Amino acid sequence: MIEGRLTRLRALRSEDAAHHLRWRNDPEVVRWAAASDPCFGPVTAEAVALAFDTMLRLSPRESAVFTVEDAAGGGAIGMADYRDLDPYAGVATLGVTIGEKEFWGRGHGSEALRLLMDHLFGAYGLHRLELDTWSGNERAVRCFLGLGFREEGRRRAAVLTDGRRHDRVLFGILREEWAGLAAATGRP
């Protein structure tokens, strides 16, 4: 378990499937997490069960999905993951979704992402982390920039949501940038 002040990350469990099913069938969660991508949701219980069968067998050397819990109440509030971990290049791709809307805008997603960053830069010694979002998700953009990520590019008009085109915004952070932020905030 990886613990912070607001959140903790724990290993995914089979009983988390019920949360994922609810989140992925909530149009507002799907809109912000995946720009209303129909591949993210809505989904059936059977589809989530198949996905969980795979997620529970992931090798942490390549990828992992964590459950984000509220530190105060202990309940599952979201998910965080890394994937495409390349130990040779020292790179991984991250993601975070807070599915419980009452926790939106309160710092839980930012802290969960920071905990995951600290884990990957610390335990795995990676050189670079990357993630992306769509240009309409201003809350995610602020979160990523606030954690030290830099916008590195855009895939113009690559996302269609609500009948409008948006850019896919690409972000990255290097180990030395993360280390400088960690030192400035007193984190190990």
# chains A, B, ... in the order shown; residues from 1 in each chain; ligands from 1
call {"tool": "residues_around", "arguments": {"residues": "Glu46 of chain A", "least_positions_apart": "5", "cutoff": "10 Å", "atoms": "only C-alpha atoms", "output": "list in words"}}
result
Leu21, Ala51 and Phe52 of chain A
call {"tool": "write_last_selection", "arguments": {"atoms": "N, CA, C and O atoms", "output": "short mmCIF file (atom, residue, chain, number, x, y, z; two decimals), in the first residue's frame"}}
result
data_model
loop_
_atom_site.label_atom_id
_atom_site.label_comp_id
_atom_site.auth_asym_id
_atom_site.auth_seq_id
_atom_site.Cartn_x
_atom_site.Cartn_y
_atom_site.Cartn_z
N LEU A 21 -17.49 -0.89 -12.69
CA LEU A 21 -18.72 -0.99 -13.48
C LEU A 21 -19.57 0.27 -13.29
O LEU A 21 -20.06 0.86 -14.27
N ALA A 51 -12.18 -7.71 -18.30
CA ALA A 51 -11.07 -6.76 -18.10
C ALA A 51 -10.38 -7.02 -16.77
O ALA A 51 -9.15 -7.00 -16.68
N PHE A 52 -11.16 -7.30 -15.73
CA PHE A 52 -10.58 -7.56 -14.42
C PHE A 52 -9.77 -8.84 -14.42
O PHE A 52 -8.73 -8.92 -13.76
#
call {"tool": "residues_around", "arguments": {"residues": "Gly146 of chain A", "least_positions_apart": "5", "cutoff": "10 Å", "atoms": "only C-alpha atoms", "output": "PyMOL selection string"}}
result
chain A and resi 110+140-141
call {"tool": "closest_residue", "arguments": {"among": "A:Glu100, A:Asp132, A:Glu177, A:Asp167", "to": "Arg22 of chain A", "atoms": "only C-alpha atoms"}}
result
A:Glu100
call {"tool": "residues_around", "arguments": {"residues": "Glu111 of chain A", "least_positions_apart": "4", "cutoff": "7 Å", "atoms": "only C-alpha atoms", "output": "number ranges by chain"}}
result
A: 7, 107, 115
call {"tool": "select_by_dssp", "arguments": {"residues": "segment 10-170 of chain A", "states": "strand (DSSP E or B)", "output": "ChimeraX atom specification"}}
result
/A:10-11,64-70,76-86,91-98,128-134,150-161,164-170
call {"tool": "closest_residue", "arguments": {"among": "A:Pro87, A:Gly41, A:Gly136, A:Gly78", "to": "Asp162 of chain A", "atoms": "only C-alpha atoms"}}
result
A:Gly136
